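Participant: As input, take data.txt (compact mmCIF, C-alpha atoms):
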```
# COMPACT_ATOMS: atom_id res chain seq x y z
CA MET A 18 12.43 -16.77 -72.98
CA ARG A 19 11.25 -19.39 -70.55
CA THR A 20 13.01 -22.09 -72.50
CA ARG A 21 16.17 -20.14 -72.45
CA ALA A 22 15.98 -19.67 -68.71
CA THR A 23 15.43 -23.36 -68.28
CA LEU A 24 18.38 -24.15 -70.47
CA SER A 25 20.54 -21.77 -68.51
CA GLY A 26 19.56 -23.60 -65.39
CA ILE A 27 20.47 -26.87 -66.96
CA PHE A 28 23.84 -25.59 -68.11
CA ALA A 29 24.48 -24.23 -64.67
CA SER A 30 23.71 -27.63 -63.23
CA VAL A 31 26.05 -29.25 -65.69
CA ALA A 32 28.77 -26.83 -64.70
CA ILE A 33 28.44 -27.92 -61.12
CA LEU A 34 28.66 -31.48 -62.24
CA VAL A 35 32.17 -30.90 -63.48
CA VAL A 36 33.14 -31.78 -59.95
CA GLY A 37 31.48 -35.11 -60.45
CA TRP A 38 32.76 -35.34 -63.99
CA GLN A 39 36.33 -35.09 -62.77
CA ALA A 40 35.61 -37.94 -60.46
CA GLY A 41 34.09 -39.75 -63.38
CA THR A 42 37.25 -39.29 -65.39
CA ALA A 43 39.26 -40.76 -62.61
CA ALA A 44 36.84 -43.63 -62.46
CA VAL A 45 37.17 -44.35 -66.15
CA THR A 46 40.93 -44.13 -65.99
CA ALA A 47 40.97 -46.50 -63.11
CA ALA A 48 38.69 -48.81 -65.02
CA THR A 49 41.13 -49.43 -67.84
CA GLY A 50 42.39 -52.44 -65.99
CA GLY A 51 39.12 -54.16 -66.65
CA PRO A 52 36.09 -55.02 -64.60
CA THR A 53 38.17 -56.00 -61.62
CA ALA A 54 39.17 -52.37 -61.36
CA SER A 55 36.42 -51.96 -58.82
CA THR A 56 38.99 -52.85 -56.22
CA SER A 57 41.35 -50.09 -57.27
CA THR A 58 41.21 -46.65 -55.85
CA GLY A 59 41.29 -43.75 -58.22
CA SER A 60 42.48 -40.44 -56.92
CA SER A 61 40.67 -37.46 -58.24
CA SER A 62 42.52 -34.21 -58.54
CA GLY A 63 40.07 -32.35 -60.65
CA THR A 64 40.04 -28.62 -60.60
CA SER A 65 36.50 -27.66 -60.04
CA THR A 66 34.41 -24.81 -61.30
CA GLY A 67 33.85 -21.81 -59.17
CA THR A 68 35.04 -22.05 -55.63
CA ALA A 69 34.02 -25.62 -55.12
CA PRO A 70 37.01 -27.47 -53.75
CA ALA A 71 38.12 -30.51 -55.67
CA PRO A 72 36.39 -33.50 -54.25
CA ALA A 73 38.41 -35.46 -51.80
CA ALA A 74 37.39 -38.52 -53.62
CA SER A 75 38.19 -42.11 -53.63
CA ALA A 76 36.50 -43.14 -56.81
CA ALA A 77 36.33 -46.87 -56.83
CA PRO A 78 34.41 -47.57 -60.01
CA THR A 79 32.32 -50.51 -60.90
CA THR A 80 31.70 -51.28 -64.50
CA THR A 81 28.19 -52.12 -65.49
CA ALA A 82 28.51 -52.54 -69.24
CA PRO A 83 29.79 -55.71 -70.82
CA ALA A 84 31.65 -53.63 -73.38
CA ALA A 85 33.94 -52.44 -70.62
CA ALA A 86 35.32 -55.93 -70.42
CA ALA A 87 36.75 -55.65 -73.93
CA PRO A 88 40.50 -56.13 -74.34
CA ALA A 89 42.42 -53.23 -72.89
CA THR A 90 44.08 -52.54 -76.23
CA THR A 91 40.85 -51.19 -77.74
CA ALA A 92 39.21 -47.92 -76.88
CA LYS A 93 36.67 -48.37 -74.17
CA SER A 94 32.95 -48.04 -74.49
CA GLY A 95 30.26 -48.55 -71.94
CA THR A 96 28.59 -47.13 -68.93
CA PHE A 97 30.54 -46.64 -65.76
CA THR A 98 29.16 -45.93 -62.36
CA GLY A 99 31.39 -44.13 -59.92
CA SER A 100 31.34 -44.65 -56.23
CA ASP A 101 30.10 -41.94 -53.91
CA VAL A 102 32.27 -38.88 -54.08
CA SER A 103 32.34 -36.58 -51.12
CA THR A 104 31.81 -32.89 -51.90
CA PRO A 105 31.14 -29.96 -49.60
CA PHE A 106 27.53 -30.29 -50.66
CA GLY A 107 27.12 -33.95 -49.89
CA ASN A 108 27.92 -37.16 -51.64
CA VAL A 109 27.61 -37.42 -55.40
CA GLN A 110 27.53 -40.53 -57.48
CA VAL A 111 27.79 -40.16 -61.23
CA LYS A 112 27.20 -42.39 -64.22
CA VAL A 113 29.56 -41.86 -67.13
CA VAL A 114 28.85 -43.06 -70.65
CA VAL A 115 31.99 -43.70 -72.67
CA ALA A 116 32.14 -44.31 -76.41
CA ASN A 117 35.47 -45.21 -77.95
CA GLY A 118 37.35 -43.83 -75.02
CA LYS A 119 35.54 -40.51 -74.98
CA ILE A 120 33.04 -39.46 -72.34
CA THR A 121 29.77 -38.74 -74.08
CA ASN A 122 27.50 -38.25 -71.14
CA VAL A 123 27.68 -37.69 -67.41
CA THR A 124 24.60 -38.22 -65.30
CA PRO A 125 24.28 -37.65 -61.60
CA LEU A 126 22.75 -40.70 -59.99
CA HIS A 127 22.14 -39.19 -56.63
CA LEU A 128 23.33 -36.68 -54.15
CA THR A 129 22.79 -36.98 -50.48
CA ASP A 130 23.55 -34.40 -47.87
CA ASN A 131 25.42 -35.11 -44.68
CA GLY A 132 22.17 -36.14 -43.06
CA GLY A 133 21.63 -38.75 -45.75
CA ARG A 134 18.79 -36.95 -47.49
CA SER A 135 18.67 -36.72 -51.25
CA VAL A 136 19.07 -33.17 -52.44
CA GLN A 137 19.37 -31.16 -55.59
CA ILE A 138 22.85 -30.01 -56.42
CA SER A 139 21.85 -27.33 -58.86
CA ASN A 140 21.60 -24.58 -56.26
CA TYR A 141 25.24 -23.91 -55.62
CA ALA A 142 26.22 -20.24 -55.82
CA ALA A 143 28.88 -19.78 -58.47
CA PRO A 144 30.97 -16.67 -59.04
CA ILE A 145 29.66 -14.25 -61.61
CA LEU A 146 31.24 -11.19 -63.11
CA ARG A 147 29.90 -7.73 -62.57
CA SER A 148 29.80 -7.31 -66.32
CA GLU A 149 27.29 -10.16 -66.43
CA VAL A 150 24.83 -8.29 -64.29
CA LEU A 151 25.46 -4.75 -65.45
CA SER A 152 23.33 -5.23 -68.53
CA SER A 153 20.38 -5.70 -66.22
CA GLN A 154 20.59 -2.04 -65.29
CA SER A 155 19.31 -1.05 -68.66
CA SER A 156 15.91 -2.27 -67.62
CA GLN A 157 13.57 -0.06 -65.72
CA VAL A 158 12.89 -1.26 -62.21
CA SER A 159 9.67 -1.10 -60.22
CA SER A 160 11.25 -1.17 -56.81
CA VAL A 161 14.70 -0.87 -55.31
CA GLY A 162 15.88 -3.37 -52.76
CA GLY A 163 18.84 -3.11 -50.46
CA ALA A 164 19.96 -3.44 -46.90
CA THR A 165 17.41 -1.78 -44.63
CA TYR A 166 17.61 1.97 -44.79
CA THR A 167 16.59 4.46 -42.14
CA SER A 168 13.89 7.05 -42.72
CA ASP A 169 16.60 9.66 -43.21
CA ALA A 170 18.54 7.54 -45.66
CA TYR A 171 15.38 6.91 -47.63
CA LEU A 172 15.20 10.59 -48.52
CA THR A 173 18.29 10.32 -50.68
CA SER A 174 17.65 6.79 -51.90
CA LEU A 175 16.91 5.46 -55.34
CA GLN A 176 13.58 4.17 -54.03
CA SER A 177 12.68 7.70 -53.00
CA ALA A 178 13.47 8.88 -56.50
CA LEU A 179 11.30 6.13 -57.91
CA ASP A 180 8.43 7.05 -55.59
CA GLN A 181 8.67 10.70 -56.54
CA ALA A 182 8.60 9.79 -60.19
CA GLY A 183 5.39 7.90 -59.45
CA ILE A 184 6.50 4.91 -61.46
CA MET B 11 0.19 3.82 -61.13
CA GLY B 12 0.39 5.32 -57.71
CA SER B 13 3.18 5.23 -55.22
CA HIS B 14 2.01 5.33 -51.61
CA VAL B 15 4.71 6.14 -49.11
CA PHE B 16 4.60 6.09 -45.33
CA GLU B 17 7.07 5.98 -42.48
CA THR B 18 7.09 3.14 -39.99
CA MET B 19 9.50 0.98 -37.99
CA GLY B 20 12.23 3.58 -38.38
CA THR B 21 12.17 3.24 -42.13
CA VAL B 22 9.92 3.95 -45.08
CA VAL B 23 7.38 1.75 -46.84
CA SER B 24 6.50 2.28 -50.50
CA LEU B 25 3.52 0.59 -52.08
CA ALA B 26 3.20 0.70 -55.84
CA ILE B 27 -0.35 -0.06 -56.93
CA ALA B 28 -2.53 1.07 -59.78
CA ASP B 29 -5.11 3.68 -58.92
CA ALA B 30 -8.50 2.08 -58.43
CA PRO B 31 -11.54 2.45 -56.22
CA GLY B 32 -10.70 1.34 -52.70
CA VAL B 33 -6.96 1.82 -52.96
CA ALA B 34 -6.91 4.65 -50.43
CA ASP B 35 -8.72 2.50 -47.85
CA ALA B 36 -6.41 -0.42 -48.59
CA VAL B 37 -3.34 1.76 -48.07
CA THR B 38 -4.77 2.91 -44.74
CA ALA B 39 -5.29 -0.71 -43.71
CA VAL B 40 -1.77 -1.62 -44.79
CA THR B 41 -0.38 1.27 -42.76
CA ARG B 42 -2.32 0.03 -39.73
CA HIS B 43 -0.73 -3.42 -40.00
CA PHE B 44 2.76 -1.96 -39.88
CA SER B 45 1.81 0.32 -36.98
CA ALA B 46 0.36 -2.59 -35.03
CA PHE B 47 3.50 -4.67 -35.38
CA ASP B 48 5.69 -1.67 -34.58
CA GLU B 49 3.69 -0.76 -31.46
CA ARG B 50 3.95 -4.28 -30.11
CA PHE B 51 7.52 -5.16 -31.04
CA SER B 52 9.54 -1.94 -31.15
CA LEU B 53 12.43 -1.80 -28.71
CA TYR B 54 12.73 1.93 -29.37
CA ALA B 55 9.35 2.63 -27.78
CA VAL B 56 9.79 2.01 -24.06
CA ASP B 57 6.12 1.19 -23.57
CA SER B 58 5.84 -1.42 -26.33
CA GLU B 59 4.94 -4.90 -25.15
CA LEU B 60 8.34 -6.27 -26.15
CA SER B 61 10.13 -3.42 -24.33
CA ARG B 62 8.17 -4.24 -21.21
CA VAL B 63 9.23 -7.88 -21.53
CA ALA B 64 12.82 -6.74 -22.01
CA SER B 65 12.73 -4.55 -18.92
CA GLY B 66 11.17 -7.25 -16.80
CA GLN B 67 7.90 -5.36 -16.27
CA LEU B 68 6.02 -8.05 -18.12
CA ALA B 69 6.70 -11.75 -17.79
CA LEU B 70 7.01 -13.58 -21.10
CA THR B 71 4.46 -16.08 -19.85
CA ALA B 72 2.00 -13.23 -19.31
CA SER B 73 2.59 -11.67 -22.72
CA SER B 74 0.15 -11.78 -25.63
CA ASP B 75 -0.32 -14.79 -27.87
CA GLU B 76 0.97 -12.67 -30.76
CA LEU B 77 4.22 -11.93 -28.98
CA ARG B 78 4.79 -15.48 -27.84
CA SER B 79 3.98 -17.01 -31.21
CA THR B 80 6.25 -14.52 -32.97
CA TYR B 81 9.01 -15.34 -30.51
CA ALA B 82 8.43 -19.07 -30.98
CA SER B 83 8.60 -18.65 -34.74
CA ALA B 84 11.87 -16.73 -34.44
CA LEU B 85 13.26 -19.49 -32.24
CA ARG B 86 12.37 -22.03 -34.91
CA TRP B 87 14.33 -19.95 -37.41
CA ARG B 88 17.25 -19.92 -34.98
CA ASP B 89 17.16 -23.72 -34.77
CA ASP B 90 16.67 -24.14 -38.51
CA THR B 91 19.65 -21.90 -39.30
CA GLY B 92 21.94 -23.49 -36.74
CA GLY B 93 21.97 -20.28 -34.73
CA ALA B 94 23.10 -18.05 -37.59
CA PHE B 95 19.82 -16.22 -37.07
CA THR B 96 18.77 -15.55 -33.53
CA PRO B 97 16.15 -13.38 -31.81
CA HIS B 98 18.46 -12.73 -28.88
CA ARG B 99 20.75 -9.77 -28.52
CA PRO B 100 24.12 -10.47 -26.93
CA ASP B 101 22.74 -9.05 -23.66
CA GLY B 102 19.94 -11.60 -23.74
CA VAL B 103 17.15 -9.23 -24.69
CA ILE B 104 14.57 -10.65 -27.09
CA ASP B 105 14.81 -8.64 -30.32
CA LEU B 106 12.26 -9.62 -32.96
CA ASN B 107 13.38 -7.02 -35.50
CA GLY B 108 14.65 -9.85 -37.65
CA THR B 109 11.17 -11.12 -38.39
CA VAL B 110 8.53 -8.50 -37.54
CA LYS B 111 9.04 -6.34 -40.61
CA ALA B 112 8.57 -9.40 -42.82
CA LEU B 113 5.52 -10.44 -40.79
CA ALA B 114 4.04 -6.97 -41.20
CA MET B 115 4.71 -7.13 -44.93
CA GLN B 116 2.95 -10.48 -45.13
CA ALA B 117 0.00 -9.13 -43.15
CA ALA B 118 -0.16 -6.19 -45.55
CA ALA B 119 0.00 -8.57 -48.50
CA ASP B 120 -2.84 -10.68 -47.12
CA GLU B 121 -4.87 -7.52 -46.55
CA LEU B 122 -4.37 -6.38 -50.15
CA LEU B 123 -5.19 -9.79 -51.58
CA ASP B 124 -8.28 -10.09 -49.35
CA ARG B 125 -9.46 -6.77 -50.70
CA GLY B 126 -9.10 -8.06 -54.23
CA PHE B 127 -5.91 -6.26 -55.18
CA SER B 128 -3.80 -8.76 -57.08
CA ASP B 129 -1.18 -6.48 -58.65
CA TRP B 130 1.08 -4.45 -56.41
CA CYS B 131 4.66 -4.16 -55.20
CA LEU B 132 5.47 -3.44 -51.56
CA ASN B 133 8.89 -2.17 -50.50
CA ALA B 134 9.60 -1.93 -46.78
CA GLY B 135 12.99 -0.40 -46.13
CA GLY B 136 14.62 -2.28 -49.01
CA ASP B 137 12.84 -5.61 -48.69
CA VAL B 138 10.40 -6.19 -51.51
CA LEU B 139 7.26 -8.31 -51.84
CA CYS B 140 5.30 -8.18 -55.08
CA ALA B 141 2.13 -9.79 -56.40
CA GLY B 142 0.85 -10.10 -59.93
CA ASN B 143 2.25 -7.83 -62.59
CA GLN B 144 2.81 -4.23 -63.52
CA PRO B 145 -0.16 -2.47 -65.09
CA ASP B 146 1.26 -3.15 -68.55
CA GLY B 147 1.30 -6.88 -67.79
CA SER B 148 5.04 -7.24 -67.47
CA PRO B 149 6.51 -8.66 -64.27
CA TRP B 150 7.49 -6.35 -61.44
CA ARG B 151 11.20 -5.74 -61.64
CA VAL B 152 13.28 -5.32 -58.53
CA GLY B 153 16.65 -3.65 -58.62
CA VAL B 154 19.12 -4.14 -55.81
CA VAL B 155 21.44 -1.38 -54.68
CA ASP B 156 25.18 -1.74 -55.06
CA PRO B 157 26.62 -1.74 -51.52
CA ALA B 158 29.64 0.14 -52.86
CA ASP B 159 27.48 2.91 -54.35
CA ARG B 160 23.98 3.37 -53.03
CA ASN B 161 23.09 5.49 -56.03
CA ALA B 162 23.72 2.61 -58.41
CA LEU B 163 21.95 -0.65 -58.96
CA LEU B 164 23.98 -3.80 -58.68
CA PHE B 165 21.51 -5.88 -60.68
CA SER B 166 17.81 -6.24 -61.24
CA ILE B 167 15.53 -9.20 -61.68
CA PRO B 168 11.93 -9.74 -62.67
CA VAL B 169 9.71 -11.03 -59.88
CA ASP B 170 7.62 -13.71 -61.48
CA GLY B 171 6.60 -17.31 -61.00
CA SER B 172 6.29 -18.20 -57.35
CA ARG B 173 9.23 -16.09 -56.26
CA HIS B 174 7.47 -13.06 -54.84
CA ALA B 175 9.98 -11.87 -52.27
CA VAL B 176 13.39 -10.22 -52.51
CA ALA B 177 15.19 -9.45 -49.26
CA THR B 178 18.62 -7.93 -48.87
CA SER B 179 20.79 -7.87 -45.81
CA GLY B 180 24.06 -6.16 -45.22
CA SER B 181 25.94 -3.58 -43.30
CA ALA B 182 25.73 -0.85 -45.90
CA GLU B 183 22.92 1.14 -44.35
CA ARG B 184 22.14 0.50 -40.73
CA GLY B 185 25.43 -0.90 -39.60
CA ASP B 186 25.70 -4.42 -38.36
CA HIS B 187 22.22 -4.84 -36.98
CA ILE B 188 22.55 -8.56 -36.95
CA TRP B 189 22.59 -10.88 -34.01
CA THR B 190 23.91 -14.37 -34.30
CA ALA B 191 24.42 -17.21 -31.88
CA THR B 192 27.47 -18.34 -33.82
CA ALA B 193 30.77 -16.61 -34.52
CA ILE B 194 29.92 -13.89 -37.02
CA ASP B 195 31.33 -14.44 -40.47
CA ARG B 196 32.65 -11.40 -42.30
CA SER B 197 32.76 -12.85 -45.80
CA TYR B 198 29.78 -11.02 -47.25
CA LEU B 199 29.09 -7.34 -47.51
CA GLN B 200 25.60 -7.86 -48.85
CA VAL B 201 23.33 -10.82 -49.44
CA THR B 202 20.12 -10.86 -51.47
CA VAL B 203 17.73 -13.78 -51.13
CA VAL B 204 14.84 -14.40 -53.52
CA ALA B 205 12.15 -16.67 -52.12
CA ASP B 206 8.46 -17.44 -52.33
CA ASP B 207 7.73 -15.60 -49.11
CA ILE B 208 9.26 -12.56 -47.48
CA GLU B 209 9.90 -14.07 -44.05
CA THR B 210 12.08 -16.82 -45.49
CA ALA B 211 13.88 -14.35 -47.75
CA ASP B 212 14.50 -11.87 -44.94
CA VAL B 213 15.59 -14.34 -42.28
CA LEU B 214 17.91 -16.27 -44.59
CA ALA B 215 19.50 -13.10 -45.99
CA THR B 216 20.36 -12.11 -42.43
CA ALA B 217 21.49 -15.61 -41.54
CA ILE B 218 23.78 -15.84 -44.59
CA ILE B 219 25.36 -12.48 -43.72
CA ALA B 220 26.00 -13.83 -40.22
CA GLY B 221 26.89 -17.40 -41.16
CA GLY B 222 28.89 -16.80 -44.36
CA PRO B 223 29.58 -19.32 -47.11
CA ASP B 224 28.91 -22.36 -44.93
CA ALA B 225 25.45 -21.09 -44.13
CA LEU B 226 24.84 -20.30 -47.80
CA ALA B 227 25.88 -23.78 -48.94
CA SER B 228 23.61 -25.33 -46.37
CA PHE B 229 20.59 -23.10 -46.90
CA VAL B 230 20.41 -23.33 -50.69
CA GLU B 231 20.01 -27.07 -50.33
CA ARG B 232 17.33 -26.87 -47.67
CA TRP B 233 15.16 -24.02 -48.87
CA SER B 234 13.83 -23.09 -52.26
CA ILE B 235 15.75 -19.85 -52.59
CA ASP B 236 18.05 -18.01 -54.94
CA VAL B 237 20.90 -15.96 -53.62
CA LEU B 238 23.28 -13.27 -54.82
CA THR B 239 26.19 -12.41 -52.58
CA VAL B 240 28.59 -9.49 -52.61
CA ALA B 241 31.84 -10.39 -50.90
CA ARG B 242 33.99 -7.93 -48.98
CA ASP B 243 36.29 -7.66 -51.99
CA GLY B 244 33.32 -6.73 -54.19
CA SER B 245 33.14 -10.02 -56.04
CA LEU B 246 29.75 -11.52 -56.77
CA ALA B 247 28.33 -15.02 -56.67
CA ALA B 248 24.85 -16.16 -57.64
CA THR B 249 22.84 -19.34 -57.59
CA PRO B 250 21.85 -20.70 -61.02
CA GLY B 251 18.24 -19.59 -60.76
CA LEU B 252 19.28 -16.03 -60.14
CA SER B 253 21.88 -16.13 -62.89
CA ALA B 254 19.17 -17.35 -65.24
CA ALA B 255 16.89 -14.50 -64.18
CA LEU B 256 19.70 -12.05 -64.89
CA GLU B 257 20.26 -13.54 -68.31
CA ARG B 258 16.65 -12.97 -69.20
CA LEU B 259 17.18 -9.27 -68.74
CA GLU B 260 18.21 -8.24 -72.18
CA PRO B 261 17.42 -4.82 -73.55
CA GLY B 262 14.14 -4.93 -75.39
CA ILE B 263 12.62 -7.74 -73.39
CA SER B 264 11.29 -5.35 -70.80
```
Give the structure from this file in structure tokens form.
Facilitator:
Amino acid sequence: MRTRATLSGIFASVAILVVGWQAGTAAVTAATGGPTASTSTGSSSGTSTGTAPAPAASAAPTTTAPAAAAPATTAKSGTFTGSDVSTPFGNVQVKVVVANGKITNVTPLHLTDNGGRSVQISNYAAPILRSEVLSSQSSQVSSVGGATYTSDAYLTSLQSALDQAGI
Amino acid sequence: MGSHVFETMGTVVSLAIADAPGVADAVTAVTRHFSAFDERFSLYAVDSELSRVASGQLALTASSDELRSTYASALRWRDDTGGAFTPHRPDGVIDLNGTVKALAMQAAADELLDRGFSDWCLNAGGDVLCAGNQPDGSPWRVGVVDPADRNALLFSIPVDGSRHAVATSGSAERGDHIWTATAIDRSYLQVTVVADDIETADVLATAIIAGGPDALASFVERWSIDVLTVARDGSLAATPGLSAALERLEPGIS
């Protein structure tokens, strides 16, 4: 159960990284010109997950793997590091591993907020469907939370019912 | 399992705790903590210390250490939330409603823990602070009311790990009882914040209601919290930690 929760968290983090991944794609595309592509400016137009706006990015990639210098006619392999991409949550820099032209791994290198501090980017609130949470109602609850109720409103509240049941 | 219910601060407090020697005394002590905070900070009682400050009968500088430190703490929250949370009503009166219920809950929690009670769940007007587990060893489970239907739960989550507090803010029950130093944002109908402590959960739930999505995006990076929002159109959004907690709730696991 714990493992599963952890995995869910990881997947959620990965989902957020699609923003960065899009930037990474742009970076790789821009890199097809060879190592000197670091002077080119890729434009990212990725559609992001959730409500996160597409990053207004100028992904100027630098290649760090010798393999990236292979002739342009062959599929690319190597590790590519994108430049900082601006997102509403701060700046993200991602590392993209490419094997035979396919992205095999995307790793966030760092994220800094507008104040320059490093932060986690796994906390972003993403849309969920009501059907995803409805199943939770099948479980018995110990306490009922909600916006503060008055003494009168308590009398007809779910919490009042719980208290009377002595659960 | 006993459910101890008492009225205070214009709302109702419910304490779920297993019957044991000393519980009755502990409940009495818990009740006293809420009464003490209410007597000092209520703006409904004209003779409370805070009411006398508000009316000018008592200078802030001559007020009690408790009042001034509570006010100072609320001002820190105002600064930390960029003004989304504020202890000032539009007419300038100091209103500490935004923090005193949480402070009373924390005082009650400390009292219970000091008395050796490690498993209980305290609900004060819809804000919940739990410790330990249910008598059967499973985590306390907190359901949150659907703002569109107060007789239905929107979701429920287990309270385990370090996340002991679940606070919900919204306009569903008491109307917009929220002051803000910034332009009020109307994006969210209800916001639930799960945090390690009830003051953080309560203040940030209020501040996200007032500050909207910008406040949410900022706060989730600066505090260790999980959030579930209900937008005006009824749509939901949740931080990954809360989504994960929801996913753990499969029938049979409870």
Participant: Please determine, counting only C-alpha atoms, which residue among A:Gln157, A:Thr98, A:Gly163, A:Thr173 has the shortest atom-to-atom distance to Leu238 (chain B).
Facilitator: A:Gly163
Participant: Residues of chain B within 6 Å of chain A, counting all atoms listed in the file - could you list those as a list in words?
Facilitator: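 Residues satisfying the distance criterion: Gly12, Ser13, Gly20, Thr21, Val22, Gly135, Gly136, Asp137, Trp150, Arg151, Val152, Gly153, Val154, Val155, Phe165, Ser166, Thr178, Ser179, Gly180, Glu183, Val230, Leu246, Ala247, Ala248, Thr249, Pro250, Ala254 and Leu259 of chain B.
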Participant: What does the distance between CA of Ala141 (chain B) and CA of Val240 (chain B) come to in Å, to one decimal place?
Facilitator: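 Interatomic distance, CA of Ala141 (chain B) to CA of Val240 (chain B): 26.7 Å.
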Participant: Extract, using all atoms listed in the file, all DNA, RNA and protein residues at most 10 Å from region 223-228 of chain B, discarding same-chain residues fewer than 2 positions from it, and format them as a PyMOL selection string.
Facilitator: (chain A and resi 105-107+130+140-142) or (chain B and resi 91-92+94+195-198+201+214-215+217-221+230-233+237+239+241)
Participant: Quick check, in Å to one decimal: how far apart do CA of Val176 (chain B) and CA of Pro97 (chain B) lie?
Facilitator: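 Going from CA of Val176 (chain B) over to CA of Pro97 (chain B), I get 21.1 Å.
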Participant: When you draw a straight line from CA of Asn133 (chain B) to CA of Asp75 (chain B), how long is it in Å?
Facilitator: 27.5 Å
Participant: Mind listing as a PyMOL selection string all residues within 8 Å of (4.7, 2.4, -43.7), counting all atoms listed in the file?
Facilitator: chain B and resi 15-19+21-24+40-41+44-45+134
